[in-house]
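One structure is given below, encoded as structure tokens.
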Amino acid sequence: MSSPPRISRSPVALDRCHLARSIDLVGERWTLLILRAAMFGVRRFDDFQEELKCPRTVLSGRLKQLCEAGILDREPYREPGRRTRYEYILTDKGRALQPVLVMLTQWGDAHVGEGTPPPVTFTDTRTKKPVRAGFIGETGRSVPADRLRVKVRRG
């Protein structure tokens with residue numbers, strides 16, 4: 001894959017860039033780890049805290065932020081003899097982040113896994129065949145990364 005030509009600055013100002021805004025929302029370590037856990041099915045505060053070893057105040061703040069952004073829904077549950085507590089469920093908006101997390105996982109498998117086998121793989125539930133994240137064109141066909149070009153909308 002060849003490098004793009006050198007330019008002096010990115011073609012979109014940070015205040016107009018949806019990637020920059022997305023990073024502001026979900027690009028912090030604890031937030032991404034919460035989303036990872038939620039993608040695998042973790043729902044309860046104590047379960048997130050036990051798995052992530054995240055400070056409770058940080059976890060509470062990140063869960064609140066993800067709920068306010070519409071990425072997680074907070075749903076009450078109550079175990080017998082206990083007070084009402086909440087589960088954190090991925091919304092459609094949250095599930096739409098799954099390809100990003102899968103792609104980042106697969107990038108890690110290839111570039112930071114140090115030659116070890118991937119600890120998880122992703123498969124099609126119908127065919128049971130492995131699935132790779134990638135670029136899909138309007139025709140529904142895979143597009144190699146080296147054919148991807150950025151087109152900036154002016155105005």
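By convention here, the chains of the structure tokens are called A, B, ... in the order presented, each chain's residues are numbered starting at 1, and ligands are numbered starting at 1 in the order presented.
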
Practice task
Give the strand (DSSP E or B) residues of range 3-143 of chain A, as DSSP finds them on the backbone, and put them as a PyMOL selection string.
Solution key: chain A and resi 44+72-77+85-90+123+130+135-136+142-143

Exercise for the section: For Thr31 in chain A, work out the shell of residues within 12 Å, counting only C-alpha atoms and skipping chain neighbours fewer than 3 positions away, then give it as a ChimeraX atom specification. Expected result: /A:22-28,34-38,48,52,54,58-67,71-72,94,101

Practice task
Would you list, as a ChimeraX atom specification, the residues of range 13-136 of chain A that end up in alpha helix (DSSP H) under DSSP run on this structure's backbone?
Solution key: /A:18-26,29-40,45-52,56-68,92-95,98-111

Problem - Interatomic distance (Å, one decimal) between CA of Val131 in chain A and CA of Pro4 in chain A - result: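 Computed distance, CA of Val131 in chain A to CA of Pro4 in chain A, equals 28.3 Å.
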
Problem - Coordinates-based distance that separates CA of Arg6 in chain A from CA of Arg149 in chain A (Å, one decimal) - result: 14.3 Å

Practice task
Would you mind reading off the distance between CA of Arg95 in chain A and CA of Ala13 in chain A, one decimal, in Å?
Solution key: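 Rounded to one decimal, the two atoms are 27.9 Å apart.
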
Handout entry: Given only C-alpha atoms as the counted atoms, nearest of A:Val112, A:Val152, A:Val100, A:Leu33 to Arg16 in chain A
Key =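 The shortest atom-to-atom distance to Arg16 in chain A comes from A:Val152.
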
Exercise for the section: Write out as a list in words the residues lying within 8 Å of Tyr86 in chain A, counting only C-alpha atoms and excluding same-chain residues fewer than 4 positions away. Expected result: Arg44, Phe45, Arg74, Glu75, Pro76 and Tyr77 of chain A
